[in-house]
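Dropping model.txt in here (compact mmCIF, C-alpha atoms and all ligand atoms):
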# COMPACT_ATOMS: atom_id res chain seq x y z
CA MET A 36 -35.39 21.43 0.33
CA VAL A 37 -34.29 18.46 2.46
CA ASP A 38 -37.12 16.90 4.44
CA MET A 39 -35.29 16.49 7.74
CA SER A 40 -38.19 14.52 9.17
CA MET A 41 -37.98 11.75 6.56
CA THR A 42 -35.22 9.55 7.88
CA LEU A 43 -34.10 6.35 6.16
CA THR A 44 -35.80 4.30 8.85
CA ARG A 45 -39.12 6.13 8.43
CA PHE A 46 -38.92 5.87 4.66
CA ILE A 47 -38.28 2.13 4.83
CA MET A 48 -41.22 1.67 7.22
CA GLU A 49 -43.53 3.78 5.02
CA ARG A 50 -42.60 1.70 1.97
CA GLN A 51 -43.16 -1.47 3.95
CA GLU A 52 -46.75 -0.42 4.65
CA LEU A 53 -47.43 -0.54 0.90
CA HIS A 54 -46.82 -4.29 1.02
CA SER A 55 -49.40 -6.06 3.18
CA GLU A 56 -47.46 -9.32 2.95
CA ALA A 57 -44.31 -7.75 4.41
CA THR A 58 -43.01 -9.33 7.61
CA GLY A 59 -40.62 -6.47 8.42
CA GLU A 60 -37.52 -8.60 7.86
CA PHE A 61 -36.58 -6.90 4.60
CA SER A 62 -37.04 -3.50 6.24
CA MET A 63 -34.82 -4.59 9.10
CA LEU A 64 -32.19 -5.75 6.63
CA LEU A 65 -32.15 -2.39 4.83
CA ALA A 66 -31.96 -0.57 8.17
CA GLN A 67 -29.02 -2.76 9.20
CA ILE A 68 -27.21 -1.81 5.99
CA GLY A 69 -27.77 1.82 6.95
CA MET A 70 -26.26 1.07 10.36
CA ALA A 71 -23.20 -0.55 8.77
CA ALA A 72 -22.82 2.44 6.45
CA LYS A 73 -22.80 4.82 9.43
CA MET A 74 -20.14 2.75 11.17
CA VAL A 75 -17.91 2.67 8.09
CA SER A 76 -18.49 6.38 7.47
CA ASN A 77 -17.49 7.21 11.02
CA GLN A 78 -14.22 5.27 10.66
CA ILE A 79 -13.42 6.83 7.28
CA ARG A 80 -13.99 10.32 8.69
CA ARG A 81 -11.40 9.53 11.38
CA ALA A 82 -8.99 7.67 9.07
CA GLY A 83 -6.48 10.48 8.93
CA LEU A 84 -6.48 10.78 12.71
CA VAL A 85 -6.01 7.23 13.84
CA ASP A 86 -3.63 4.58 12.69
CA ILE A 87 -6.01 3.07 10.17
CA LEU A 88 -4.59 4.36 6.91
CA GLY A 89 -2.24 2.18 5.03
CA VAL A 90 -2.18 -1.53 4.43
CA THR A 91 -2.58 -4.67 6.49
CA GLY A 92 0.16 -6.50 4.65
CA ASP A 93 -2.39 -9.01 3.29
CA THR A 94 -3.74 -9.40 -0.23
CA ASN A 95 -7.36 -10.29 -1.05
CA VAL A 96 -8.85 -12.77 -3.49
CA GLN A 97 -8.41 -10.19 -6.22
CA GLY A 98 -4.68 -10.14 -5.51
CA GLU A 99 -5.07 -6.55 -4.34
CA THR A 100 -3.31 -5.16 -1.30
CA VAL A 101 -5.85 -5.02 1.51
CA LYS A 102 -5.97 -1.64 3.14
CA LYS A 103 -6.93 -1.43 6.79
CA LEU A 104 -10.20 0.34 5.96
CA ASP A 105 -11.05 -2.40 3.43
CA GLU A 106 -10.70 -4.94 6.19
CA TYR A 107 -12.62 -2.81 8.69
CA ALA A 108 -15.51 -2.23 6.28
CA ASN A 109 -15.68 -5.93 5.45
CA ASN A 110 -15.79 -6.89 9.13
CA VAL A 111 -18.52 -4.34 9.84
CA PHE A 112 -20.82 -5.87 7.23
CA LEU A 113 -20.08 -9.40 8.43
CA ASP A 114 -20.79 -8.46 12.07
CA VAL A 115 -23.93 -6.41 11.37
CA MET A 116 -25.40 -9.03 9.05
CA GLU A 117 -24.68 -11.81 11.55
CA TYR A 118 -26.44 -9.80 14.27
CA SER A 119 -29.46 -9.24 11.99
CA LYS A 120 -29.96 -13.02 11.66
CA LEU A 121 -31.57 -12.31 8.28
CA VAL A 122 -28.64 -13.19 6.04
CA CYS A 123 -27.01 -16.57 5.91
CA GLU A 124 -24.22 -16.09 3.43
CA ILE A 125 -22.23 -13.13 2.19
CA VAL A 126 -20.22 -12.78 -0.99
CA SER A 127 -17.61 -10.08 -0.48
CA GLU A 128 -14.87 -8.72 -2.69
CA GLU A 129 -12.57 -9.19 0.31
CA ILE A 130 -13.32 -12.89 0.83
CA GLU A 131 -12.30 -15.67 -1.57
CA GLY A 132 -15.12 -18.06 -0.82
CA VAL A 133 -18.62 -17.53 0.52
CA ALA A 134 -18.77 -16.22 4.10
CA ARG A 135 -21.26 -18.36 5.99
CA LEU A 136 -22.71 -16.54 8.99
CA SER A 137 -24.52 -19.33 10.71
CA ARG A 138 -24.43 -23.09 11.09
CA SER A 139 -28.08 -23.22 10.09
CA CYS A 140 -29.53 -21.07 7.32
CA LYS A 141 -33.12 -22.09 8.04
CA GLY A 142 -35.38 -19.03 8.10
CA ARG A 143 -32.68 -16.69 6.83
CA LYS A 144 -34.26 -15.39 3.63
CA TYR A 145 -31.55 -13.25 2.07
CA SER A 146 -28.04 -13.28 0.67
CA LEU A 147 -25.83 -10.19 0.63
CA LEU A 148 -23.24 -9.54 -2.06
CA VAL A 149 -21.01 -6.60 -1.24
CA ASP A 150 -17.95 -4.61 -2.20
CA PRO A 151 -17.31 -3.22 1.28
CA LEU A 152 -14.93 -0.48 0.19
CA ASP A 153 -14.90 0.34 -3.51
CA GLY A 154 -12.15 2.66 -4.71
CA SER A 155 -9.89 1.86 -1.79
CA SER A 156 -6.87 3.10 -3.72
CA ASN A 157 -8.33 6.57 -3.01
CA ILE A 158 -8.13 6.12 0.78
CA ASP A 159 -4.60 7.36 1.37
CA ILE A 160 -5.11 10.45 -0.79
CA ASN A 161 -8.36 11.36 0.99
CA GLY A 162 -10.41 10.65 -2.14
CA ALA A 163 -14.00 9.46 -2.38
CA VAL A 164 -14.66 5.79 -1.68
CA GLY A 165 -17.85 3.75 -1.48
CA THR A 166 -19.70 0.57 -0.61
CA ILE A 167 -21.78 -1.31 -3.19
CA PHE A 168 -24.37 -3.88 -2.11
CA SER A 169 -26.79 -6.32 -3.69
CA ILE A 170 -29.51 -8.36 -1.97
CA HIS A 171 -30.95 -11.60 -3.31
CA HIS A 172 -33.81 -13.67 -1.93
CA ARG A 173 -32.94 -17.32 -1.34
CA HIS A 174 -34.93 -19.69 -3.55
CA ASP A 175 -35.83 -21.87 -0.55
CA GLU A 176 -35.29 -20.43 2.94
CA THR A 177 -36.25 -23.68 4.62
CA LEU A 178 -33.03 -25.27 3.45
CA ASP A 179 -30.26 -25.60 5.99
CA LEU A 180 -27.59 -25.04 3.36
CA ILE A 181 -27.63 -22.54 0.52
CA PRO A 182 -27.19 -24.15 -2.89
CA ASP A 183 -24.66 -22.34 -5.08
CA GLU A 184 -27.32 -21.22 -7.54
CA ASP A 185 -28.85 -19.06 -4.80
CA LEU A 186 -25.70 -16.92 -4.97
CA LEU A 187 -25.46 -17.01 -8.76
CA GLN A 188 -28.71 -15.24 -9.60
CA LYS A 189 -29.07 -12.82 -12.49
CA GLY A 190 -29.05 -9.11 -11.67
CA SER A 191 -32.69 -8.97 -12.78
CA GLU A 192 -33.54 -11.14 -9.75
CA GLN A 193 -32.09 -8.74 -7.15
CA VAL A 194 -34.61 -7.67 -4.50
CA ALA A 195 -32.57 -4.58 -3.61
CA ALA A 196 -29.37 -2.83 -4.64
CA GLY A 197 -27.54 0.28 -3.58
CA TYR A 198 -24.37 2.06 -2.69
CA VAL A 199 -22.94 4.36 -0.08
CA MET A 200 -20.66 7.17 -1.22
CA TYR A 201 -18.24 8.44 1.40
CA GLY A 202 -17.50 11.87 -0.06
CA PRO A 203 -17.92 15.44 1.27
CA SER A 204 -21.20 13.96 2.54
CA THR A 205 -22.04 10.34 3.16
CA ILE A 206 -24.94 9.42 0.86
CA LEU A 207 -26.81 6.12 0.76
CA VAL A 208 -28.66 5.46 -2.52
CA TYR A 209 -30.80 2.36 -2.97
CA THR A 210 -33.66 0.78 -4.87
CA THR A 211 -36.03 -2.10 -4.16
CA GLY A 212 -37.52 -1.88 -7.64
CA GLU A 213 -39.75 1.07 -6.76
CA GLY A 214 -37.54 3.96 -7.86
CA VAL A 215 -34.13 5.17 -6.71
CA HIS A 216 -33.85 7.22 -3.54
CA GLY A 217 -30.90 8.98 -1.90
CA PHE A 218 -30.33 9.71 1.79
CA THR A 219 -27.67 12.06 3.15
CA LEU A 220 -26.16 11.37 6.55
CA ASP A 221 -26.69 14.19 9.04
CA PRO A 222 -23.66 13.63 11.29
CA GLY A 223 -25.14 15.88 13.98
CA VAL A 224 -28.17 13.61 14.32
CA GLY A 225 -26.55 10.37 13.21
CA GLU A 226 -29.40 9.68 10.80
CA PHE A 227 -29.69 9.36 7.04
CA VAL A 228 -32.33 11.84 5.81
CA LEU A 229 -34.14 11.76 2.45
CA SER A 230 -32.32 14.18 0.15
CA HIS A 231 -32.87 12.75 -3.36
CA GLU A 232 -36.34 11.18 -3.84
CA ASN A 233 -37.07 9.22 -7.00
CA ILE A 234 -33.86 10.05 -8.86
CA GLN A 235 -34.22 10.15 -12.67
CA MET A 236 -31.11 9.95 -14.86
CA PRO A 237 -31.04 12.34 -17.88
CA ALA A 238 -31.47 10.52 -21.22
CA GLN A 239 -28.10 11.90 -22.36
CA GLY A 240 -25.18 13.40 -20.49
CA LYS A 241 -22.17 15.60 -21.10
CA THR A 242 -19.43 13.63 -19.29
CA TYR A 243 -17.75 10.28 -19.74
CA ALA A 244 -15.66 8.28 -17.27
CA ILE A 245 -12.97 5.86 -18.42
CA ASN A 246 -9.30 5.24 -17.61
CA ILE A 247 -7.65 6.82 -20.64
CA GLY A 248 -4.38 5.24 -19.50
CA ASN A 249 -5.65 1.93 -20.88
CA ARG A 250 -6.14 3.32 -24.41
CA SER A 251 -3.34 1.29 -25.95
CA GLN A 252 -5.17 -1.89 -24.86
CA TRP A 253 -8.64 -0.82 -26.03
CA HIS A 254 -10.40 -2.48 -28.91
CA HIS A 255 -10.81 -0.27 -31.97
CA SER A 256 -14.50 0.45 -31.31
CA ILE A 257 -13.76 1.92 -27.87
CA ARG A 258 -11.09 4.22 -29.28
CA GLN A 259 -13.52 5.27 -32.02
CA TYR A 260 -16.34 5.93 -29.51
CA VAL A 261 -14.14 7.96 -27.14
CA ASP A 262 -12.72 9.94 -30.09
CA TYR A 263 -16.34 10.60 -31.17
CA LEU A 264 -17.19 11.95 -27.70
CA CYS A 265 -14.16 14.26 -27.91
CA GLU A 266 -15.07 15.79 -31.28
CA ALA A 267 -16.43 19.37 -31.25
CA ASP A 268 -20.06 19.33 -32.39
CA PRO A 269 -22.35 21.67 -30.41
CA GLU A 270 -25.43 20.23 -32.11
CA SER A 271 -24.87 16.87 -30.44
CA GLU A 272 -23.52 18.56 -27.28
CA ARG A 273 -19.96 17.37 -27.88
CA PRO A 274 -17.19 17.35 -26.76
CA TYR A 275 -18.05 15.53 -23.55
CA SER A 276 -15.90 16.29 -20.51
CA LEU A 277 -13.81 13.54 -18.95
CA ARG A 278 -14.47 12.92 -15.26
CA TYR A 279 -12.72 9.89 -13.68
CA VAL A 280 -12.43 9.62 -9.89
CA GLY A 281 -10.96 6.14 -9.62
CA ALA A 282 -13.92 5.06 -7.51
CA LEU A 283 -16.81 3.56 -9.44
CA VAL A 284 -19.34 4.73 -6.83
CA ALA A 285 -18.28 8.38 -7.16
CA ASP A 286 -18.25 8.28 -10.96
CA PHE A 287 -21.62 6.53 -11.04
CA HIS A 288 -23.17 8.96 -8.53
CA ARG A 289 -22.34 11.90 -10.82
CA ILE A 290 -23.80 10.06 -13.79
CA LEU A 291 -26.94 9.04 -11.89
CA LEU A 292 -27.65 12.69 -11.07
CA GLU A 293 -26.34 14.45 -14.19
CA GLY A 294 -26.24 11.81 -16.94
CA GLY A 295 -23.30 10.58 -18.99
CA ILE A 296 -21.52 7.24 -19.26
CA TYR A 297 -19.00 5.24 -17.21
CA MET A 298 -17.00 2.62 -19.08
CA TYR A 299 -14.70 -0.14 -17.95
CA PRO A 300 -14.44 -2.14 -21.20
CA GLY A 301 -12.84 -5.47 -21.82
CA ASP A 302 -9.54 -4.95 -23.63
CA ARG A 303 -6.61 -6.86 -25.09
CA GLU A 304 -5.11 -7.35 -21.62
CA LYS A 305 -8.29 -7.93 -19.57
CA SER A 306 -10.93 -9.48 -21.84
CA ASP A 307 -13.67 -9.09 -19.23
CA GLY A 308 -12.46 -5.76 -17.85
CA LYS A 309 -11.81 -5.28 -14.14
CA LEU A 310 -15.17 -4.93 -12.41
CA ARG A 311 -17.03 -7.72 -10.65
CA LEU A 312 -20.47 -8.67 -11.94
CA LEU A 313 -22.26 -9.71 -8.74
CA TYR A 314 -21.33 -6.91 -6.35
CA GLU A 315 -20.28 -4.02 -8.59
CA CYS A 316 -21.92 -4.17 -12.04
CA ALA A 317 -25.27 -5.80 -11.24
CA PRO A 318 -26.34 -3.61 -8.29
CA LEU A 319 -25.43 -0.40 -10.14
CA ALA A 320 -27.20 -1.75 -13.22
CA MET A 321 -30.42 -2.18 -11.20
CA LEU A 322 -30.11 1.40 -9.96
CA ALA A 323 -29.36 2.71 -13.47
CA GLU A 324 -32.39 0.98 -15.02
CA GLN A 325 -34.67 2.01 -12.15
CA ALA A 326 -33.57 5.63 -12.75
CA GLY A 327 -34.27 5.41 -16.51
CA GLY A 328 -30.72 4.68 -17.60
CA ASN A 329 -29.08 1.49 -18.82
CA ALA A 330 -26.20 -0.88 -18.11
CA SER A 331 -24.54 -3.17 -20.63
CA SER A 332 -21.50 -5.40 -21.02
CA GLY A 333 -21.25 -3.81 -24.48
CA THR A 334 -23.16 -6.66 -26.05
CA GLU A 335 -25.84 -7.64 -23.50
CA SER A 336 -27.79 -6.23 -20.57
CA ILE A 337 -25.84 -6.58 -17.32
CA LEU A 338 -29.04 -7.65 -15.55
CA GLU A 339 -29.53 -10.58 -17.91
CA ILE A 340 -26.05 -12.12 -17.56
CA GLN A 341 -26.26 -15.54 -15.90
CA PRO A 342 -23.37 -15.64 -13.37
CA THR A 343 -21.22 -18.76 -13.19
CA ASP A 344 -18.71 -17.65 -10.55
CA ILE A 345 -19.14 -15.39 -7.52
CA HIS A 346 -16.13 -13.23 -8.44
CA GLN A 347 -16.54 -13.19 -12.21
CA ARG A 348 -15.79 -9.96 -14.03
CA SER A 349 -17.77 -8.15 -16.71
CA PRO A 350 -17.10 -5.22 -19.01
CA LEU A 351 -19.37 -2.32 -17.98
CA PHE A 352 -21.00 0.50 -19.92
CA ILE A 353 -23.45 2.23 -17.58
CA GLY A 354 -25.31 5.54 -17.59
CA SER A 355 -27.74 7.51 -19.74
CA ARG A 356 -29.69 5.25 -22.07
CA GLU A 357 -28.79 7.24 -25.21
CA ASP A 358 -25.08 7.23 -24.30
CA VAL A 359 -25.01 3.50 -23.52
CA SER A 360 -26.99 2.74 -26.67
CA LEU A 361 -24.47 4.67 -28.83
CA ALA A 362 -21.52 2.88 -27.21
CA GLU A 363 -23.20 -0.47 -27.99
CA LYS A 364 -23.68 0.70 -31.60
CA PHE A 365 -19.95 1.40 -32.00
CA ILE A 366 -19.17 -2.05 -30.56
CA ARG A 367 -21.69 -3.78 -32.84
CA GLU A 368 -20.19 -2.11 -35.90
CA GLU A 369 -16.72 -3.40 -34.99
CA THR A 370 -17.91 -6.95 -34.50
CA ARG A 371 -19.73 -6.96 -37.91
P1 LIG A 401 -9.83 -0.23 -6.17
O1 LIG A 401 -10.91 -0.56 -5.18
O2 LIG A 401 -8.78 -1.27 -6.26
O3 LIG A 401 -9.30 1.15 -6.00
O4 LIG A 401 -10.54 -0.29 -7.62
C1 LIG A 401 -11.59 0.61 -7.82
C2 LIG A 401 -12.37 0.12 -9.03
O5 LIG A 401 -12.84 -1.18 -8.81
C3 LIG A 401 -13.51 1.07 -9.37
O6 LIG A 401 -14.07 1.63 -8.23
C4 LIG A 401 -12.84 2.10 -10.26
O7 LIG A 401 -13.73 2.75 -11.14
C5 LIG A 401 -11.84 1.24 -11.01
O8 LIG A 401 -11.52 0.12 -10.17
C6 LIG A 401 -10.56 1.99 -11.27
O9 LIG A 401 -9.70 1.05 -11.94
P2 LIG A 401 -8.41 1.59 -12.70
O10 LIG A 401 -7.50 2.12 -11.62
O11 LIG A 401 -7.87 0.40 -13.43
O12 LIG A 401 -8.88 2.67 -13.64
Could you render the structure as structure tokens?
Amino acid sequence: MVDMSMTLTRFIMERQELHSEATGEFSMLLAQIGMAAKMVSNQIRRAGLVDILGVTGDTNVQGETVKKLDEYANNVFLDVMEYSKLVCEIVSEEIEGVARLSRSCKGRKYSLLVDPLDGSSNIDINGAVGTIFSIHHRHDETLDLIPDEDLLQKGSEQVAAGYVMYGPSTILVYTTGEGVHGFTLDPGVGEFVLSHENIQMPAQGKTYAINIGNRSQWHHSIRQYVDYLCEADPESERPYSLRYVGALVADFHRILLEGGIYMYPGDREKSDGKLRLLYECAPLAMLAEQAGGNASSGTESILEIQPTDIHQRSPLFIGSREDVSLAEKFIREETR
């Protein structure tokens, strides 16, 4: 039963009351992210109706063609965060360097790292897309400038992480280290309402998500693990079903609720895989661990990787702890 009275804003305020030291700034920041999500959702819902599908003709730092909704979503987060006056710098998949929002960063406590529109190749075919965000606390908010290491913090140091999935419903899922909670947007009211409180990921799942098209490039251990998942063995609940949306947020959302594993491994062509550590892997890893699951590069915890570059990539194995643990076992055996 959805508690229509528990809106995102009320939930944030209730959680704030549990922290006597809270100033309300963090709550405001989370509420602003909810506002940005509603704005992006509204535009996506209209995408087929207004001239916003298609491409801008530009390419982003990743060398990917920027779609108009990518650009729109990126600008929404920049504008909303600037207005909040709580964030000084933003790392975005759509921006090569660090986006600085203000001449002076004094008093602005947080940094935002964001993939404004994940899965954008799904836009023109009306597929699910998402936003992934990560929030870090600056080491010293009295400083006028943000030292690079403030933006290169381990995932274990995140103060909040979450995603928005723009699917049949728009759902915002986030954690501040006190469980994982999901809010579904009621378009009639224009509010996110609590729909999934304290999400717990099953210890093992029945689905796996990976781009099988890359099989020829996979290392032997990945082929062996996927072949293992496809073997018929009812006792160990195999074969697993393949589910791959092409949008990490949508694949992860299924796994968060139902269990299973999402993999984007490093391979012979892309040694570190495709996904970005700071604003794709690390925030989802915080959510996975908070929900009882796990997230690994295949050889180490995603949350313990020390970043060295704001756009660095990492292989990703994320989902149910037993599934991730078995994938790591296959990888260990290959590297022996
Ligand atoms: P796009 O944003 O370029 O569509 O990439 C989406 C993504 O980063 C992630 O959301 C998907 O799981 C993954 O890439 C799909 O990548 P492949 O198309 O190489 O399988």
For the interface of chain A with ligand LIG 401 (chain A) (cut-off 7 Å, counting all atoms listed in the file), please tabulate each contacting residue of chain A alongside its nearest pair of atoms and their separation in Å to one decimal, rows sorted by chain and increasing number, as CSV.
residue,atom,partner,partner_atom,distance
A:Glu99,CA,A:LIG401,O2,6.7
A:Leu152,CA,A:LIG401,O1,6.7
A:Asp153,CA,A:LIG401,O1,4.4
A:Gly154,CA,A:LIG401,O3,3.5
A:Ser155,CA,A:LIG401,O1,4.3
A:Ser156,CA,A:LIG401,O3,3.9
A:Asn157,CA,A:LIG401,O3,6.3
A:Asn246,CA,A:LIG401,O12,4.7
A:Gly281,CA,A:LIG401,C6,4.5
A:Ala282,CA,A:LIG401,O6,3.5
A:Leu283,CA,A:LIG401,O6,3.6
A:Val284,CA,A:LIG401,O6,6.3
A:Lys309,CA,A:LIG401,O8,6.7
A:Leu310,CA,A:LIG401,O5,5.7
I'd like the interatomic distance between CA of Tyr243 in chain A and CA of Gly295 in chain A, to a tenth of an Å. 5.6 Å
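Closest approach to Pro318 in chain A among A:Lys305, A:His216, A:Arg367, A:His171 is made by A:His171 (distances from all atoms listed in the file).
Distances from A:Ser271, A:Asn110, A:Asn161, A:Thr177 to Leu84 in chain A were compared using only C-alpha atoms, and the smallest one belongs to A:Asn161.
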Determine, for each residue of range 174-283 of chain A having at least one atom at most 6 Å from an atom of range 127-146 of chain A, the closest pair of atoms and their separation in Å to one decimal, counting only C-alpha atoms; order by chain and ascending number, as JSON lines.
{"residue": "A:Glu176", "atom": "CA", "partner": "A:Lys144", "partner_atom": "CA", "distance": 5.2}
{"residue": "A:Thr177", "atom": "CA", "partner": "A:Lys141", "partner_atom": "CA", "distance": 4.9}
{"residue": "A:Leu178", "atom": "CA", "partner": "A:Lys141", "partner_atom": "CA", "distance": 5.6}
{"residue": "A:Asp179", "atom": "CA", "partner": "A:Cys140", "partner_atom": "CA", "distance": 4.8}
{"residue": "A:Leu180", "atom": "CA", "partner": "A:Cys140", "partner_atom": "CA", "distance": 5.9}
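Residue nearest Lys120 in chain A, chosen from A:Val149, A:Ala195, A:Met63, A:Ala108 and counting only C-alpha atoms: A:Met63.
Residues surrounding Tyr198 in chain A within 6 Å are Thr166, Ile167, Phe168, Leu207 and Val208 of chain A [all atoms listed in the file; sequence separation below 6 positions excluded].
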